[in-house]
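Okay, so here's the structure we're looking at.
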Amino acid sequence: MSIDKATIINQALTAIGAGPMFSTDDDSDLAETIAATWPAVVDQVFGMHDWSFSLKTYKNTRNAEQPENGYRYGFDLPGNRIGNPILNMSEPRSRRPLRDFSIEEGKLFCDEAQTWSLVKVAVDPDIWPPQFRSAFRIALGAYLAVPVWQDTSMQDEMLVQAFGTASREGTGGLFGRLMAQDSASQPKGLGIANEDPLTDARISGAGPLSSPWYGSL
């Protein structure tokens, strides 16, 4: 069974007691709220960790013109990436990171004639691991608890379940355990950011809701 965005949304609505009332053809106020809320949760969750299931290595396209910043070559970075590359390389399999490079206006500049970048990309919910989908539903439900029910207590409870208490700064709860498991499953010594999610996790602050624990969500 394929699990798409609408399925996840209806599961989150069911989790907060609203029932599966969302459809892609809906033009209600709720649908508009969900349309604004979904990307905020995606930004929050995908910004906090370099999830292995969302990583992909691309060979960068070299520009024909000579850069004006002193480097020999300029490259177009993948347009579908989320944020800056996690790792830039001159040889993709060795995973030895480039040490001398610059990223300017979405381009990579260095003295290597060929480069590859390991980047994070958006992937469909059908590719998300089941445990990740489950945690995401809780997080989405937290974001929807106030606009749907005006229930701040429900929101706070679900935020703790998803991200842990305020003292964990977003690295606890269901996602904290998933980050630790994801990092532990990857080869070590690759120079990839966030190998220790409990100390290096990054929380992106985009979104329409706010919480005294997580700041602007």
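A note on labels: chains of the structure tokens are A, B, ... as shown, every chain counts residues from 1, and ligands are counted from 1 in their shown order.
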
Can you list every residue of segment 3-77 of chain A that has an atom at most 10 Å from segment 100-111 of chain A, with its nearest atom pair and the distance in Å to one decimal, using only C-alpha atoms, ordered by chain then number, as a Markdown table?
```
| residue | atom | partner | partner_atom | distance |
| --- | --- | --- | --- | --- |
| A:Asn60 | CA | A:Leu108 | CA | 8.6 |
| A:Thr61 | CA | A:Leu108 | CA | 9.8 |
| A:Arg62 | CA | A:Leu108 | CA | 9.1 |
| A:Asn63 | CA | A:Lys107 | CA | 9.5 |
| A:Pro67 | CA | A:Phe109 | CA | 7.7 |
| A:Asn69 | CA | A:Phe109 | CA | 8.3 |
| A:Gly70 | CA | A:Cys110 | CA | 8.8 |
| A:Tyr71 | CA | A:Cys110 | CA | 5.3 |
| A:Arg72 | CA | A:Asp111 | CA | 4.9 |
| A:Tyr73 | CA | A:Cys110 | CA | 5.7 |
| A:Gly74 | CA | A:Phe109 | CA | 4.5 |
| A:Phe75 | CA | A:Leu108 | CA | 5.0 |
| A:Asp76 | CA | A:Lys107 | CA | 5.0 |
| A:Leu77 | CA | A:Lys107 | CA | 5.6 |
```

Quick one: DSSP helix (DSSP H, G or I) residues in segment 50-144 of chain A, as number ranges by chain? A: 52-54, 130-144

Sorted by chain and rising residue number, list the residues of segment 103-180 of chain A at most 12 Å from segment 30-51 of chain A (counting only C-alpha atoms), each with its closest atom pair and distance in Å to one decimal, as JSON lines.
```
{"residue": "A:Leu118", "atom": "CA", "partner": "A:Asp50", "partner_atom": "CA", "distance": 10.5}
{"residue": "A:Val119", "atom": "CA", "partner": "A:Asp50", "partner_atom": "CA", "distance": 8.8}
{"residue": "A:Lys120", "atom": "CA", "partner": "A:Asp50", "partner_atom": "CA", "distance": 6.8}
{"residue": "A:Val121", "atom": "CA", "partner": "A:Phe46", "partner_atom": "CA", "distance": 9.2}
{"residue": "A:Ala122", "atom": "CA", "partner": "A:Phe46", "partner_atom": "CA", "distance": 8.4}
{"residue": "A:Val123", "atom": "CA", "partner": "A:Phe46", "partner_atom": "CA", "distance": 10.3}
{"residue": "A:Asp124", "atom": "CA", "partner": "A:Val42", "partner_atom": "CA", "distance": 11.2}
{"residue": "A:Pro125", "atom": "CA", "partner": "A:Val42", "partner_atom": "CA", "distance": 10.7}
{"residue": "A:Ile127", "atom": "CA", "partner": "A:Trp51", "partner_atom": "CA", "distance": 11.8}
{"residue": "A:Trp128", "atom": "CA", "partner": "A:Trp51", "partner_atom": "CA", "distance": 9.7}
{"residue": "A:Pro129", "atom": "CA", "partner": "A:Trp51", "partner_atom": "CA", "distance": 10.3}
{"residue": "A:Phe132", "atom": "CA", "partner": "A:Val45", "partner_atom": "CA", "distance": 9.8}
{"residue": "A:Arg133", "atom": "CA", "partner": "A:Val45", "partner_atom": "CA", "distance": 11.0}
{"residue": "A:Ala135", "atom": "CA", "partner": "A:Val45", "partner_atom": "CA", "distance": 9.6}
{"residue": "A:Phe136", "atom": "CA", "partner": "A:Val45", "partner_atom": "CA", "distance": 7.6}
{"residue": "A:Arg137", "atom": "CA", "partner": "A:Val41", "partner_atom": "CA", "distance": 9.8}
{"residue": "A:Ile138", "atom": "CA", "partner": "A:Val41", "partner_atom": "CA", "distance": 10.4}
{"residue": "A:Ala139", "atom": "CA", "partner": "A:Val41", "partner_atom": "CA", "distance": 7.1}
{"residue": "A:Leu140", "atom": "CA", "partner": "A:Val41", "partner_atom": "CA", "distance": 6.2}
{"residue": "A:Gly141", "atom": "CA", "partner": "A:Val41", "partner_atom": "CA", "distance": 9.8}
{"residue": "A:Ala142", "atom": "CA", "partner": "A:Val41", "partner_atom": "CA", "distance": 9.6}
{"residue": "A:Tyr143", "atom": "CA", "partner": "A:Thr37", "partner_atom": "CA", "distance": 6.9}
{"residue": "A:Leu144", "atom": "CA", "partner": "A:Thr37", "partner_atom": "CA", "distance": 7.5}
{"residue": "A:Ala145", "atom": "CA", "partner": "A:Thr37", "partner_atom": "CA", "distance": 11.1}
{"residue": "A:Val146", "atom": "CA", "partner": "A:Thr33", "partner_atom": "CA", "distance": 10.8}
{"residue": "A:Pro147", "atom": "CA", "partner": "A:Thr33", "partner_atom": "CA", "distance": 7.5}
{"residue": "A:Val148", "atom": "CA", "partner": "A:Leu30", "partner_atom": "CA", "distance": 7.6}
{"residue": "A:Trp149", "atom": "CA", "partner": "A:Leu30", "partner_atom": "CA", "distance": 11.3}
{"residue": "A:Leu159", "atom": "CA", "partner": "A:Val41", "partner_atom": "CA", "distance": 11.5}
{"residue": "A:Ala162", "atom": "CA", "partner": "A:Val45", "partner_atom": "CA", "distance": 10.0}
{"residue": "A:Phe163", "atom": "CA", "partner": "A:Val45", "partner_atom": "CA", "distance": 9.5}
{"residue": "A:Glu169", "atom": "CA", "partner": "A:Met48", "partner_atom": "CA", "distance": 10.7}
{"residue": "A:Gly170", "atom": "CA", "partner": "A:Met48", "partner_atom": "CA", "distance": 8.3}
{"residue": "A:Thr171", "atom": "CA", "partner": "A:Met48", "partner_atom": "CA", "distance": 8.3}
{"residue": "A:Gly172", "atom": "CA", "partner": "A:Met48", "partner_atom": "CA", "distance": 11.5}
{"residue": "A:Leu174", "atom": "CA", "partner": "A:Val45", "partner_atom": "CA", "distance": 11.4}
{"residue": "A:Phe175", "atom": "CA", "partner": "A:Val45", "partner_atom": "CA", "distance": 8.3}
{"residue": "A:Gly176", "atom": "CA", "partner": "A:His49", "partner_atom": "CA", "distance": 9.7}
{"residue": "A:Arg177", "atom": "CA", "partner": "A:His49", "partner_atom": "CA", "distance": 11.8}
{"residue": "A:Leu178", "atom": "CA", "partner": "A:Trp51", "partner_atom": "CA", "distance": 9.2}
{"residue": "A:Met179", "atom": "CA", "partner": "A:His49", "partner_atom": "CA", "distance": 6.8}
{"residue": "A:Ala180", "atom": "CA", "partner": "A:His49", "partner_atom": "CA", "distance": 9.9}
```

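We find atom CA of Ala6 of chain A and atom CA of Phe53 of chain A to be spaced 20.5 Å apart.
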
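With distances restricted to only C-alpha atoms, A:Gln161 is the closest residue to Gly173 of chain A from A:Ser117, A:Ser28, A:Thr7, A:Gln161.
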
Backbone-only DSSP, strand (DSSP E) members of segment 4-69 of chain A, as an mmCIF file with all heavy atoms, in the first residue's frame:
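Heads up, here's the output in result.cif:
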```
data_model
loop_
_atom_site.group_PDB
_atom_site.id
_atom_site.type_symbol
_atom_site.label_atom_id
_atom_site.label_comp_id
_atom_site.auth_asym_id
_atom_site.auth_seq_id
_atom_site.Cartn_x
_atom_site.Cartn_y
_atom_site.Cartn_z
ATOM 1 N N LEU A 55 19.486 10.977 1.825
ATOM 2 C CA LEU A 55 20.778 11.399 1.285
ATOM 3 C C LEU A 55 20.997 10.851 -0.122
ATOM 4 O O LEU A 55 20.583 9.734 -0.439
ATOM 5 C CB LEU A 55 21.925 10.928 2.188
ATOM 6 C CG LEU A 55 21.909 11.423 3.636
ATOM 7 C CD1 LEU A 55 23.126 10.905 4.378
ATOM 8 C CD2 LEU A 55 21.829 12.931 3.699
ATOM 9 N N LYS A 56 21.656 11.645 -0.954
ATOM 10 C CA LYS A 56 21.982 11.204 -2.307
ATOM 11 C C LYS A 56 23.250 11.902 -2.772
ATOM 12 O O LYS A 56 23.459 13.079 -2.506
ATOM 13 C CB LYS A 56 20.831 11.522 -3.273
ATOM 14 C CG LYS A 56 21.046 10.949 -4.678
ATOM 15 C CD LYS A 56 19.809 11.093 -5.538
ATOM 16 C CE LYS A 56 20.024 10.488 -6.924
ATOM 17 N NZ LYS A 56 18.801 10.564 -7.760
ATOM 18 N N THR A 57 24.108 11.144 -3.489
ATOM 19 C CA THR A 57 25.341 11.693 -4.035
ATOM 20 C C THR A 57 25.136 12.070 -5.496
ATOM 21 O O THR A 57 24.637 11.261 -6.279
ATOM 22 C CB THR A 57 26.499 10.681 -3.923
ATOM 23 O OG1 THR A 57 26.732 10.383 -2.537
ATOM 24 C CG2 THR A 57 27.783 11.243 -4.518
ATOM 25 N N TYR A 58 25.523 13.289 -5.849
ATOM 26 C CA TYR A 58 25.414 13.782 -7.214
ATOM 27 C C TYR A 58 26.795 14.182 -7.732
ATOM 28 O O TYR A 58 27.608 14.730 -6.981
ATOM 29 C CB TYR A 58 24.519 15.021 -7.288
ATOM 30 C CG TYR A 58 23.051 14.773 -7.094
ATOM 31 C CD1 TYR A 58 22.485 14.811 -5.822
ATOM 32 C CD2 TYR A 58 22.214 14.532 -8.181
ATOM 33 C CE1 TYR A 58 21.129 14.602 -5.637
ATOM 34 C CE2 TYR A 58 20.855 14.326 -8.002
ATOM 35 C CZ TYR A 58 20.316 14.364 -6.733
ATOM 36 O OH TYR A 58 18.969 14.161 -6.561
ATOM 37 N N LYS A 59 27.025 13.933 -9.029
ATOM 38 C CA LYS A 59 28.184 14.529 -9.677
ATOM 39 C C LYS A 59 27.794 15.935 -10.101
ATOM 40 O O LYS A 59 26.807 16.135 -10.808
ATOM 41 C CB LYS A 59 28.624 13.713 -10.899
ATOM 42 C CG LYS A 59 29.893 14.253 -11.544
ATOM 43 C CD LYS A 59 30.364 13.379 -12.700
ATOM 44 C CE LYS A 59 31.666 13.914 -13.282
ATOM 45 N NZ LYS A 59 32.162 13.064 -14.406
ATOM 46 N N THR A 61 27.836 19.576 -11.965
ATOM 47 C CA THR A 61 28.054 20.054 -13.329
ATOM 48 C C THR A 61 29.028 21.228 -13.308
ATOM 49 O O THR A 61 28.771 22.248 -12.654
ATOM 50 C CB THR A 61 26.734 20.498 -13.967
ATOM 51 O OG1 THR A 61 25.819 19.398 -13.974
ATOM 52 C CG2 THR A 61 26.960 20.973 -15.390
ATOM 53 N N ARG A 62 30.134 21.065 -14.022
ATOM 54 C CA ARG A 62 31.154 22.121 -14.030
ATOM 55 C C ARG A 62 30.757 23.244 -14.982
ATOM 56 O O ARG A 62 30.288 22.994 -16.100
ATOM 57 C CB ARG A 62 32.515 21.547 -14.433
ATOM 58 C CG ARG A 62 33.679 22.508 -14.190
ATOM 59 C CD ARG A 62 35.002 21.814 -14.412
ATOM 60 N NE ARG A 62 35.260 21.575 -15.821
ATOM 61 C CZ ARG A 62 36.208 20.763 -16.283
ATOM 62 N NH1 ARG A 62 36.971 20.096 -15.434
ATOM 63 N NH2 ARG A 62 36.378 20.605 -17.577
#
```
